[in-house]
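Enquirer: File entry04.cif follows (mmCIF, C-alpha atoms and all ligand atoms):
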data_upload
loop_
_atom_site.label_atom_id
_atom_site.label_comp_id
_atom_site.auth_asym_id
_atom_site.auth_seq_id
_atom_site.Cartn_x
_atom_site.Cartn_y
_atom_site.Cartn_z
CA MET U 1 -4.91 3.57 8.71
CA ALA U 2 -1.29 2.97 9.64
CA PRO U 3 0.97 6.00 9.83
CA ALA U 4 2.95 6.76 6.71
CA PRO U 5 6.15 4.72 6.67
CA THR U 6 9.43 6.58 6.77
CA VAL U 7 11.12 5.70 3.53
CA THR U 8 14.85 5.43 3.91
CA THR U 9 15.82 3.95 0.59
CA THR U 10 15.45 5.55 -2.78
CA LYS U 11 15.32 2.32 -4.74
CA PRO U 12 12.01 0.80 -5.77
CA THR U 13 11.13 -1.04 -2.57
CA LEU U 14 8.56 -3.55 -1.47
CA SER U 15 8.15 -3.56 2.29
CA THR U 16 6.25 -6.04 4.38
CA ASP U 17 4.59 -4.93 7.61
CA LEU U 18 5.08 -7.99 9.81
CA ALA U 19 2.92 -6.52 12.58
CA ALA U 20 0.03 -6.61 10.11
CA VAL U 21 0.78 -10.27 9.34
CA ALA U 22 0.79 -11.04 13.08
CA ALA U 23 -2.52 -9.22 13.59
CA ASN U 24 -4.10 -11.03 10.63
CA THR U 25 -2.87 -14.36 11.98
CA ARG U 26 -4.62 -13.68 15.29
CA THR U 27 -7.81 -12.59 13.51
CA LEU U 28 -7.87 -15.82 11.49
CA MET U 29 -7.31 -17.91 14.63
CA ALA U 30 -10.10 -16.08 16.44
CA HIS U 31 -12.48 -17.09 13.63
CA ALA U 32 -11.50 -20.76 13.90
CA PRO U 33 -11.03 -21.35 17.63
CA THR U 34 -11.45 -25.14 17.41
CA ALA U 35 -8.85 -25.65 14.68
CA VAL U 36 -5.11 -25.17 14.40
CA LEU U 37 -3.82 -22.73 11.82
CA MET U 38 -1.57 -23.66 8.93
CA ALA U 39 0.04 -20.49 7.58
CA VAL U 40 0.24 -20.78 3.79
CA VAL U 41 3.47 -19.16 2.61
CA LYS U 42 3.61 -20.39 -0.97
CA ALA U 43 4.82 -18.10 -3.77
CA ASP U 44 7.31 -16.44 -1.40
CA GLY U 45 4.58 -15.79 1.12
CA PHE U 46 2.30 -14.29 -1.55
CA GLY U 47 5.19 -11.97 -2.39
CA HIS U 48 5.68 -10.87 1.23
CA GLY U 49 8.77 -12.99 1.99
CA ALA U 50 8.09 -16.62 2.92
CA ALA U 51 10.57 -17.03 5.79
CA ASP U 52 9.70 -13.74 7.49
CA VAL U 53 5.98 -14.37 7.20
CA ALA U 54 6.43 -17.96 8.41
CA ARG U 55 8.32 -16.88 11.54
CA THR U 56 5.82 -14.11 12.22
CA ALA U 57 2.76 -16.34 11.81
CA LEU U 58 4.30 -19.08 13.96
CA ALA U 59 5.11 -16.56 16.69
CA ALA U 60 1.50 -15.30 16.52
CA GLY U 61 0.05 -18.78 17.04
CA ALA U 62 0.08 -20.70 13.75
CA THR U 63 1.48 -24.19 14.32
CA ARG U 64 2.18 -25.38 10.80
CA LEU U 65 3.18 -24.09 7.39
CA GLY U 66 1.82 -24.88 3.96
CA VAL U 67 3.51 -24.49 0.57
CA THR U 68 3.08 -25.89 -2.91
CA SER U 69 6.42 -27.37 -4.03
CA VAL U 70 9.01 -29.38 -2.15
CA ASP U 71 11.53 -26.71 -3.17
CA GLU U 72 9.53 -24.07 -1.32
CA ALA U 73 9.50 -26.30 1.77
CA LEU U 74 13.23 -26.97 1.57
CA ALA U 75 13.92 -23.22 1.30
CA LEU U 76 12.09 -22.72 4.61
CA ARG U 77 14.15 -25.50 6.21
CA ALA U 78 17.31 -23.87 4.83
CA ALA U 79 16.18 -20.64 6.50
CA GLY U 80 16.21 -22.51 9.81
CA ILE U 81 12.48 -23.05 10.23
CA GLY U 82 11.73 -26.34 11.98
CA ALA U 83 7.90 -26.23 12.21
CA PRO U 84 5.84 -28.88 10.39
CA ILE U 85 5.51 -28.03 6.70
CA LEU U 86 3.07 -29.54 4.23
CA SER U 87 3.91 -29.44 0.50
CA TRP U 88 0.90 -30.19 -1.68
CA LEU U 89 1.70 -29.70 -5.33
CA ASN U 90 4.47 -31.75 -6.88
CA PRO U 91 5.10 -33.77 -10.01
CA VAL U 92 5.66 -37.49 -9.37
CA ASP U 93 9.40 -37.13 -9.91
CA ALA U 94 9.85 -34.37 -7.33
CA ASP U 95 12.62 -34.84 -4.79
CA PHE U 96 10.51 -36.70 -2.22
CA ALA U 97 13.69 -38.18 -0.71
CA ALA U 98 14.92 -34.70 0.18
CA ALA U 99 11.47 -33.89 1.51
CA ALA U 100 11.49 -36.97 3.75
CA HIS U 101 15.02 -36.22 4.90
CA GLN U 102 13.95 -32.69 5.91
CA HIS U 103 10.70 -33.88 7.53
CA VAL U 104 8.50 -32.20 4.99
CA ASP U 105 4.97 -33.65 4.93
CA LEU U 106 3.58 -34.42 1.48
CA ALA U 107 0.11 -34.26 0.05
CA VAL U 108 -0.75 -37.27 -2.07
CA PRO U 109 -3.33 -36.75 -4.85
CA SER U 110 -2.87 -40.03 -6.75
CA ARG U 111 -1.68 -43.60 -6.60
CA ALA U 112 1.39 -42.64 -8.68
CA HIS U 113 2.32 -40.03 -6.08
CA LEU U 114 1.82 -42.51 -3.28
CA ASP U 115 4.17 -44.98 -4.97
CA ALA U 116 6.76 -42.25 -5.56
CA VAL U 117 6.65 -41.10 -1.94
CA ILE U 118 6.96 -44.70 -0.70
CA ALA U 119 9.90 -45.34 -3.04
CA ALA U 120 11.69 -42.24 -1.77
CA ALA U 121 11.08 -42.81 1.93
CA SER U 122 13.94 -44.16 3.96
CA GLY U 123 14.69 -43.93 7.64
CA GLY U 124 11.14 -43.91 8.95
CA PRO U 125 7.68 -43.53 7.49
CA ALA U 126 6.97 -40.47 5.34
CA ARG U 127 4.13 -38.34 6.67
CA VAL U 128 1.42 -37.78 4.08
CA HIS U 129 -1.92 -36.05 3.72
CA LEU U 130 -4.27 -37.68 1.23
CA HIS U 131 -5.83 -35.02 -0.98
CA LEU U 132 -9.40 -35.47 -2.22
CA ASP U 133 -10.85 -33.34 -5.01
CA VAL U 134 -14.11 -32.03 -3.57
CA GLY U 135 -15.14 -30.06 -6.63
CA LEU U 136 -12.39 -28.14 -8.42
CA ALA U 137 -11.40 -30.83 -10.91
CA ARG U 138 -7.91 -29.54 -10.36
CA ASP U 139 -5.61 -30.98 -7.70
CA GLY U 140 -6.63 -33.89 -5.49
CA ALA U 141 -7.81 -37.43 -6.24
CA PRO U 142 -11.10 -37.75 -8.13
CA PRO U 143 -13.75 -39.32 -5.85
CA ALA U 144 -13.86 -42.42 -8.07
CA GLU U 145 -10.23 -43.14 -7.18
CA TRP U 146 -10.44 -42.22 -3.51
CA ALA U 147 -11.30 -45.57 -1.93
CA GLN U 148 -8.51 -47.29 -3.83
CA LEU U 149 -6.03 -44.59 -2.83
CA CYS U 150 -7.06 -44.92 0.82
CA ARG U 151 -6.68 -48.71 0.72
CA ALA U 152 -3.24 -48.50 -0.86
CA ALA U 153 -2.19 -45.88 1.68
CA ARG U 154 -3.47 -48.03 4.55
CA LEU U 155 -1.48 -51.01 3.30
CA ALA U 156 1.66 -48.88 3.08
CA GLU U 157 0.97 -47.55 6.54
CA GLN U 158 0.67 -51.08 7.92
CA ARG U 159 4.02 -51.91 6.34
CA GLY U 160 5.58 -48.91 8.11
CA LEU U 161 6.36 -47.02 4.90
CA ILE U 162 4.14 -43.99 5.42
CA ARG U 163 1.98 -42.47 8.09
CA VAL U 164 -1.29 -40.86 6.92
CA ASP U 165 -1.45 -37.78 9.09
CA GLY U 166 -4.13 -35.90 7.21
CA VAL U 167 -6.95 -35.81 4.73
CA MET U 168 -7.43 -32.57 2.81
CA GLY U 169 -9.79 -30.95 0.34
CA HIS U 170 -10.13 -27.47 -1.15
CA LEU U 171 -13.32 -25.56 -2.00
CA ALA U 172 -13.97 -23.96 -5.40
CA CYS U 173 -16.32 -21.15 -4.38
CA ALA U 174 -15.66 -20.40 -0.70
CA ASP U 175 -15.39 -16.68 -1.52
CA VAL U 176 -19.13 -16.80 -2.25
CA PRO U 177 -20.46 -18.29 1.01
CA GLY U 178 -23.95 -18.98 -0.39
CA ASP U 179 -22.73 -20.86 -3.44
CA PRO U 180 -24.34 -24.32 -3.52
CA SER U 181 -21.04 -25.96 -4.47
CA ASN U 182 -19.81 -25.27 -0.94
CA ALA U 183 -22.39 -27.64 0.53
CA THR U 184 -21.46 -30.23 -2.08
CA GLY U 185 -17.79 -29.77 -1.21
CA ARG U 186 -18.43 -30.17 2.52
CA THR U 187 -20.48 -33.32 1.94
CA ARG U 188 -17.87 -34.80 -0.35
CA PHE U 189 -15.15 -34.06 2.17
CA ALA U 190 -17.10 -35.69 5.01
CA TRP U 191 -17.60 -38.72 2.76
CA GLY U 192 -13.87 -38.80 2.01
CA VAL U 193 -12.99 -38.79 5.70
CA GLU U 194 -15.49 -41.61 6.31
CA VAL U 195 -14.00 -43.71 3.52
CA ALA U 196 -10.51 -43.13 4.91
CA ARG U 197 -11.64 -44.21 8.37
CA ALA U 198 -13.41 -47.26 6.97
CA THR U 199 -10.13 -48.43 5.46
CA GLY U 200 -8.52 -48.14 8.89
CA LEU U 201 -6.79 -44.79 8.45
CA ARG U 202 -6.86 -42.40 11.43
CA PRO U 203 -5.88 -38.99 10.03
CA VAL U 204 -5.27 -36.54 12.87
CA HIS U 205 -5.62 -33.54 10.57
CA ARG U 206 -8.75 -33.07 8.49
CA HIS U 207 -8.67 -29.83 6.53
CA LEU U 208 -10.90 -28.17 3.99
CA ALA U 209 -10.94 -24.43 4.71
CA ALA U 210 -8.70 -21.77 3.22
CA THR U 211 -9.06 -18.09 4.16
CA ALA U 212 -12.61 -17.45 2.94
CA ALA U 213 -14.11 -20.54 4.59
CA THR U 214 -12.06 -19.90 7.74
CA LEU U 215 -13.67 -16.48 8.01
CA THR U 216 -17.22 -17.43 7.03
CA ASP U 217 -18.07 -21.09 7.65
CA PRO U 218 -17.25 -22.98 10.88
CA ARG U 219 -18.63 -26.17 9.31
CA THR U 220 -15.46 -26.26 7.18
CA HIS U 221 -12.99 -25.85 10.04
CA HIS U 222 -12.55 -29.50 11.07
CA THR U 223 -9.19 -29.84 12.89
CA LEU U 224 -7.07 -27.45 10.83
CA VAL U 225 -7.50 -24.45 8.55
CA ARG U 226 -5.06 -23.45 5.81
CA ALA U 227 -4.89 -19.69 5.48
CA GLY U 228 -2.87 -17.83 2.89
CA ALA U 229 -4.59 -14.69 1.61
CA GLY U 230 -5.87 -13.67 5.03
CA LEU U 231 -2.36 -13.51 6.48
CA TYR U 232 -1.62 -10.83 3.92
CA GLY U 233 -4.75 -8.80 4.57
CA ILE U 234 -6.79 -10.23 1.72
CA ASP U 235 -10.28 -11.52 2.52
CA PRO U 236 -11.66 -13.13 -0.64
CA SER U 237 -15.13 -13.23 0.95
CA GLY U 238 -15.08 -9.50 1.67
CA THR U 239 -16.58 -10.01 5.13
CA VAL U 240 -13.75 -9.30 7.57
CA ARG U 241 -11.49 -6.28 7.79
CA LEU U 242 -7.87 -7.39 7.71
CA ARG U 243 -4.65 -5.37 7.49
CA PRO U 244 -2.88 -5.16 4.13
CA ALA U 245 0.80 -5.81 4.76
CA LEU U 246 2.59 -4.77 1.60
CA THR U 247 3.79 -1.33 0.47
CA LEU U 248 5.41 -0.60 -2.89
CA THR U 249 7.32 2.65 -3.24
CA ALA U 250 9.65 4.12 -5.85
CA PRO U 251 11.47 7.42 -6.28
CA LEU U 252 10.77 9.79 -9.14
CA VAL U 253 13.73 9.50 -11.48
CA THR U 254 13.08 12.70 -13.41
CA VAL U 255 10.46 15.43 -13.51
CA ARG U 256 9.87 17.40 -16.69
CA ARG U 257 7.58 20.22 -17.69
CA VAL U 258 5.65 19.67 -20.94
CA ARG U 259 3.41 21.89 -23.02
CA ALA U 260 -0.26 21.27 -23.76
CA GLY U 261 -0.54 18.80 -26.63
CA THR U 262 2.60 16.81 -25.76
CA PRO U 263 2.07 13.13 -26.58
CA VAL U 264 3.47 10.75 -23.96
CA GLY U 265 4.91 7.26 -24.13
CA TYR U 266 4.59 4.37 -26.59
CA GLY U 267 1.93 4.78 -29.20
CA HIS U 268 1.30 8.31 -27.97
CA ALA U 269 -1.66 6.80 -26.17
CA TRP U 270 -2.06 9.91 -23.99
CA THR U 271 -1.56 13.56 -24.80
CA ALA U 272 -1.24 16.26 -22.15
CA PRO U 273 -4.43 18.34 -22.36
CA ALA U 274 -2.67 21.28 -20.66
CA ALA U 275 0.82 22.22 -19.61
CA THR U 276 1.87 19.97 -16.77
CA HIS U 277 4.74 18.26 -14.96
CA LEU U 278 5.44 14.63 -15.71
CA GLY U 279 7.26 12.41 -13.22
CA LEU U 280 8.99 9.19 -14.23
CA LEU U 281 8.86 6.13 -11.97
CA PRO U 282 11.33 3.27 -12.56
CA LEU U 283 8.74 0.49 -12.34
CA GLY U 284 6.92 -1.17 -15.20
CA TYR U 285 5.14 -4.31 -16.19
CA ALA U 286 8.34 -6.34 -15.79
CA ASP U 287 8.13 -5.34 -12.13
CA GLY U 288 4.54 -6.47 -11.84
CA LEU U 289 2.60 -3.28 -12.55
CA PRO U 290 -0.18 -4.57 -14.76
CA ARG U 291 -0.27 -2.94 -18.19
CA ALA U 292 -4.03 -3.45 -18.19
CA ALA U 293 -4.34 -0.78 -15.48
CA ALA U 294 -3.37 2.00 -17.92
CA GLY U 295 -5.90 4.81 -17.98
CA ARG U 296 -7.12 4.11 -14.44
CA ALA U 297 -4.05 3.65 -12.25
CA GLU U 298 -2.94 6.23 -9.68
CA VAL U 299 -0.01 6.60 -7.28
CA LEU U 300 0.50 8.82 -4.26
CA VAL U 301 3.07 11.63 -4.53
CA ARG U 302 3.41 14.25 -1.80
CA GLY U 303 0.16 13.24 -0.18
CA ARG U 304 -1.92 13.44 -3.35
CA ARG U 305 -3.23 10.91 -5.84
CA ARG U 306 -1.73 11.32 -9.31
CA ARG U 307 -2.79 9.64 -12.53
CA VAL U 308 -0.46 7.29 -14.35
CA VAL U 309 -0.61 8.47 -17.95
CA GLY U 310 0.06 6.75 -21.27
CA ARG U 311 0.98 3.13 -21.73
CA PHE U 312 2.92 1.24 -19.12
CA SER U 313 6.40 0.37 -20.34
CA MET U 314 8.39 -2.65 -19.27
CA ASP U 315 10.54 -0.63 -16.88
CA GLN U 316 8.79 2.68 -16.32
CA ILE U 317 5.55 4.58 -15.98
CA VAL U 318 4.81 8.29 -16.28
CA VAL U 319 2.84 10.17 -13.65
CA ASP U 320 0.96 13.44 -14.20
CA LEU U 321 2.01 15.78 -11.41
CA GLY U 322 0.01 18.78 -12.60
CA ASP U 323 1.31 22.11 -11.33
CA ASP U 324 3.51 20.50 -8.67
CA ALA U 325 7.16 20.88 -9.54
CA VAL U 326 8.07 17.88 -7.41
CA GLU U 327 11.81 17.21 -7.18
CA PRO U 328 13.37 14.04 -8.57
CA GLY U 329 14.02 11.66 -5.68
CA GLU U 330 10.60 12.30 -4.15
CA VAL U 331 9.25 8.89 -3.17
CA ALA U 332 5.92 7.81 -4.65
CA THR U 333 3.73 5.18 -3.02
CA VAL U 334 2.35 2.84 -5.65
CA PHE U 335 0.19 0.95 -3.17
CA GLY U 336 -0.13 0.31 0.56
CA GLY U 337 1.32 2.02 3.57
CA ALA U 338 0.78 5.75 3.47
CA ASP U 339 -2.57 7.38 4.23
CA GLY U 340 -4.49 7.98 1.05
CA ALA U 341 -2.28 5.74 -1.08
CA PRO U 342 -3.89 3.34 -3.53
CA THR U 343 -4.42 -0.17 -2.20
CA ALA U 344 -3.44 -3.41 -3.89
CA ALA U 345 -7.19 -4.01 -4.12
CA GLU U 346 -7.59 -0.84 -6.17
CA TRP U 347 -4.76 -1.88 -8.47
CA ALA U 348 -6.52 -5.21 -8.91
CA ARG U 349 -9.73 -3.44 -9.85
CA TRP U 350 -7.91 -1.17 -12.30
CA ALA U 351 -6.34 -4.19 -13.98
CA GLY U 352 -9.42 -6.43 -13.89
CA THR U 353 -7.80 -8.99 -11.60
CA ILE U 354 -7.59 -9.99 -7.92
CA GLU U 355 -5.31 -8.67 -5.19
CA HIS U 356 -3.50 -12.00 -5.07
CA GLU U 357 -2.16 -11.41 -8.57
CA ILE U 358 -0.95 -7.91 -7.73
CA VAL U 359 0.92 -8.85 -4.53
CA THR U 360 2.47 -12.02 -5.94
CA GLY U 361 3.49 -10.35 -9.17
CA ILE U 362 6.08 -7.83 -8.01
CA GLY U 363 9.30 -8.68 -9.80
CA PRO U 364 12.79 -9.52 -8.55
CA ARG U 365 14.31 -6.12 -9.42
CA VAL U 366 12.41 -4.52 -6.55
CA THR U 367 14.29 -4.40 -3.23
CA ARG U 368 12.59 -6.27 -0.36
CA ARG U 369 12.37 -4.99 3.20
CA THR U 370 10.44 -5.84 6.33
CA ARG U 371 9.31 -3.46 9.00
C1 LIG U 401 -3.30 -21.38 -1.84
C2 LIG U 401 -4.01 -22.48 -1.14
C3 LIG U 401 -4.55 -22.25 0.13
C4 LIG U 401 -4.63 -20.88 0.74
O1 LIG U 401 -5.76 -20.24 0.18
P1 LIG U 401 -6.14 -18.76 0.62
O2 LIG U 401 -7.46 -18.53 -0.02
O3 LIG U 401 -5.07 -17.90 0.07
O4 LIG U 401 -6.18 -18.75 2.10
C5 LIG U 401 -5.09 -23.33 0.80
N1 LIG U 401 -5.10 -24.55 0.26
C6 LIG U 401 -4.61 -24.82 -0.98
C7 LIG U 401 -4.67 -26.20 -1.51
C8 LIG U 401 -4.06 -23.78 -1.72
O5 LIG U 401 -3.57 -24.03 -2.93
#
Just give me the structure of the file as structure tokens.

Expert:
Amino acid sequence: MAPAPTVTTTKPTLSTDLAAVAANTRTLMAHAPTAVLMAVVKADGFGHGAADVARTALAAGATRLGVTSVDEALALRAAGIGAPILSWLNPVDADFAAAAHQHVDLAVPSRAHLDAVIAAASGGPARVHLHLDVGLARDGAPPAEWAQLCRAARLAEQRGLIRVDGVMGHLACADVPGDPSNATGRTRFAWGVEVARATGLRPVHRHLAATAATLTDPRTHHTLVRAGAGLYGIDPSGTVRLRPALTLTAPLVTVRRVRAGTPVGYGHAWTAPAATHLGLLPLGYADGLPRAAAGRAEVLVRGRRRRVVGRFSMDQIVVDLGDDAVEPGEVATVFGGADGAPTAAEWARWAGTIEHEIVTGIGPRVTRRTR
């Protein structure tokens, strides 16, 4: 466990431990020694700060960045980051011209996208990665359209309009290494690469693995792995110990003493069974604390776990401090950081969700810091 952070601000604060991100980057690379690492920093780096995470991962050995939208890619360029960036999820009318101008590589999941990228390209061929759906029925070209997409891309490449740098796929069940759909996904991806080669394409980057497959299945590594969750200490496969990087803290706004039988919060969903102290934290579901965690959630105050009581409000939650007359201003750790504090994984369990949703859900009112 990392030592407890020294909290120097009394506002609700989300701090990112960049040393943890660097360590996780190295762990991911060690599991995929034959591939290069694309650090996935979509959704503001899973809530950890995209530009800071990007710089940290690149310094630790990642060579490329991955995001969903062109806007996310352009924000990284605006932050002064020059590394190759792949953007893989865009409507056909996205600003592909701006992407080309800023040397942002684009994933192409359909013929309509290919045409839009070609139309927007000027001043040199746009670099694209053709995206094959290997089993999610979500993003990526359906296999039935793949050969046609490859042929059209090859023609455009021969005319100097694009350069097909990569072929990509994404697995549906990589967090369950034994799931039979993983073998199907690998086979489909290998087929997709063969079809691309047969049309004359020579993609340098062939990539299928995200974090879980990076950590569990070398057969998915190909030339490049795309890791998001793992950078942030989340292993969806539950096989490798990584370092959580995010800590959420907030100061107690008030502390009050209440008598036994005092009902608390909206709907009077909880009633104090005995006299106690109640602390108020200025964080609620608008800040990303899931309302579904009511009745189970805990926070750390003065080295001890305390129950969150009653319903979560939009802006605030109430904490049962028992006999401790803690002073207002005392900083509570909601998750991460301090020894004994709840983890984002625990919050996910309490709310019936996954860690990803907890860490990406913290709202804009919370101050961001790195350490
Ligand atoms: C989010 C995403 C990733 C990263 O997945 P993790 O499991 O977070 O590593 C990789 N590829 C695609 C297409 C994604 O959308």

Enquirer: If we draw a sphere of 9 Å around (5.6, 18.3, -7.8), which residues have at least one atom in it when counting all atoms listed in the file? Please report them as a list in words.

Expert: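 Using all atoms listed in the file, the matching residues come out as Val255, His277, Leu278, Gly279, Val301, Arg302, Leu321, Gly322, Asp323, Asp324, Ala325, Val326, Glu327, Pro328 and Glu330 of chain U.
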
Enquirer: For Glu346 of chain U, list every protein, DNA or RNA residue within 12 Å, evaluated using all atoms listed in the file, and leave out those in the same chain fewer than 3 positions away; present the list as a list in words.

Expert: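 Counting only the stated atoms, we get Pro290, Ala293, Arg296, Ala297, Glu298, Val299, Val334, Phe335, Gly336, Gly340, Ala341, Pro342, Thr343, Arg349, Trp350, Ala351, Gly352, Thr353, Ile354, Glu355, His356, Ile358 and Val359 of chain U.
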
Enquirer: Do you know which residues lie at most 7 Å from (8.1, -41.2, 7.9), with coordinates as in the file and all atoms listed in the file counted, and could you write them as a list in words?

Expert: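 Checked against the point, the hits come out as Ala100, Ala121, Gly124, Pro125, Ala126, Arg127, Leu161, Ile162 and Arg163 of chain U.
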
Enquirer: May I ask which of the residues U:Gly66, U:Pro244, U:Gly228, U:Gly45 is the closest one to ligand LIG 401 (chain U), counting only C-alpha atoms and all ligand atoms?

Expert: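 Closest to ligand LIG 401 (chain U) of all the choices is U:Gly228.
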
Enquirer: Rank U:Gly185, U:Pro180, U:Pro12, U:Gly123 by their smallest atom-to-atom distance to Pro143 of chain U, using all atoms listed in the file, and report the top residue only.

Expert: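 Ranking U:Gly185, U:Pro180, U:Pro12, U:Gly123 by distance to Pro143 of chain U, first place goes to U:Gly185.
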
Enquirer: Any residue with an atom at most 6 Å from ligand LIG 401 (chain U) counts, using all atoms listed in the file. Which are they? Put them as a list in words.

Expert: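 My answer, listing the contacting residues, is Val40, His170, Ala210, Thr211, Arg226, Ala227, Gly228, Ala229 and Gly230 of chain U.
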
Enquirer: Kindly indicate which residue among U:Lys11, U:Ala269, U:Leu58, U:Met38 lies nearest to Leu281 of chain U, using all atoms listed in the file for the distances.

Expert: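 For Leu281 of chain U, the nearest of the candidates is U:Lys11.
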
Enquirer: For a quick check of understanding, using all atoms listed in the file, which of U:His268, U:Val117, U:Gly233, U:Ala250 has the smallest distance to Pro282 of chain U?

Expert: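 Among the listed residues, U:Ala250 lies closest to Pro282 of chain U.
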
Enquirer: Pick from U:Ser69, U:Thr249, U:Ser110, U:Asn182: nearest to Ala332 of chain U, with all atoms listed in the file counted?

Expert: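 The answer is U:Thr249, which sits nearest to Ala332 of chain U.
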
Enquirer: Set the distance at 7 Å and use all atoms listed in the file: which residues neighbour Leu280 of chain U once local chain neighbours fewer than 2 positions away are removed? I'd like the list as a PDB file with C-alpha atoms, in the frame of the given file.

Expert:
ATOM      1  CA  LEU U 252      10.770   9.790  -9.140  1.00  0.00           C
ATOM      2  CA  VAL U 253      13.730   9.500 -11.480  1.00  0.00           C
ATOM      3  CA  THR U 254      13.080  12.700 -13.410  1.00  0.00           C
ATOM      4  CA  VAL U 255      10.460  15.430 -13.510  1.00  0.00           C
ATOM      5  CA  LEU U 278       5.440  14.630 -15.710  1.00  0.00           C
ATOM      6  CA  PRO U 282      11.330   3.270 -12.560  1.00  0.00           C
ATOM      7  CA  GLN U 316       8.790   2.680 -16.320  1.00  0.00           C
ATOM      8  CA  ILE U 317       5.550   4.580 -15.980  1.00  0.00           C
ATOM      9  CA  VAL U 318       4.810   8.290 -16.280  1.00  0.00           C
ATOM     10  CA  VAL U 319       2.840  10.170 -13.650  1.00  0.00           C
TER      11      VAL U 319
END

Enquirer: Could you extract segment 266-282 of chain U of the given structure into a file holding N, CA and C atoms, as a short mmCIF file (atom, residue, chain, number, x, y, z; two decimals), in the first residue's frame?

Expert:
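Writing the result to decode_11.cif gives the following:
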data_model
loop_
_atom_site.label_atom_id
_atom_site.label_comp_id
_atom_site.auth_asym_id
_atom_site.auth_seq_id
_atom_site.Cartn_x
_atom_site.Cartn_y
_atom_site.Cartn_z
N TYR U 266 -33.18 12.38 2.52
CA TYR U 266 -34.42 12.23 1.74
C TYR U 266 -35.10 10.90 2.04
N GLY U 267 -36.39 11.00 2.19
CA GLY U 267 -37.20 9.81 2.40
C GLY U 267 -37.02 9.18 3.76
N HIS U 268 -36.18 9.82 4.58
CA HIS U 268 -35.87 9.25 5.89
C HIS U 268 -35.51 7.76 5.77
N ALA U 269 -34.67 7.49 4.78
CA ALA U 269 -34.36 6.09 4.47
C ALA U 269 -33.50 5.42 5.55
N TRP U 270 -32.89 6.22 6.40
CA TRP U 270 -32.08 5.67 7.50
C TRP U 270 -32.39 6.46 8.76
N THR U 271 -32.45 5.76 9.86
CA THR U 271 -32.69 6.39 11.15
C THR U 271 -31.58 5.98 12.10
N ALA U 272 -31.01 6.96 12.80
CA ALA U 272 -29.91 6.64 13.73
C ALA U 272 -30.41 5.70 14.82
N PRO U 273 -29.81 4.51 14.94
CA PRO U 273 -30.27 3.57 15.97
C PRO U 273 -29.83 4.01 17.36
N ALA U 274 -28.82 4.85 17.45
CA ALA U 274 -28.31 5.33 18.74
C ALA U 274 -27.80 6.74 18.53
N ALA U 275 -27.56 7.44 19.60
CA ALA U 275 -26.97 8.77 19.47
C ALA U 275 -25.64 8.64 18.74
N THR U 276 -25.38 9.59 17.85
CA THR U 276 -24.15 9.49 17.05
C THR U 276 -23.78 10.86 16.50
N HIS U 277 -22.61 10.92 15.86
CA HIS U 277 -22.21 12.13 15.13
C HIS U 277 -22.36 11.86 13.64
N LEU U 278 -22.91 12.84 12.95
CA LEU U 278 -23.06 12.72 11.50
C LEU U 278 -22.19 13.76 10.81
N GLY U 279 -21.37 13.31 9.88
CA GLY U 279 -20.54 14.23 9.10
C GLY U 279 -21.13 14.39 7.71
N LEU U 280 -21.01 15.60 7.17
CA LEU U 280 -21.55 15.88 5.84
C LEU U 280 -20.41 16.05 4.85
N LEU U 281 -20.46 15.29 3.76
CA LEU U 281 -19.45 15.43 2.70
C LEU U 281 -20.08 16.09 1.47
N PRO U 282 -19.40 17.07 0.87
CA PRO U 282 -19.97 17.81 -0.25
C PRO U 282 -19.75 17.11 -1.59
#
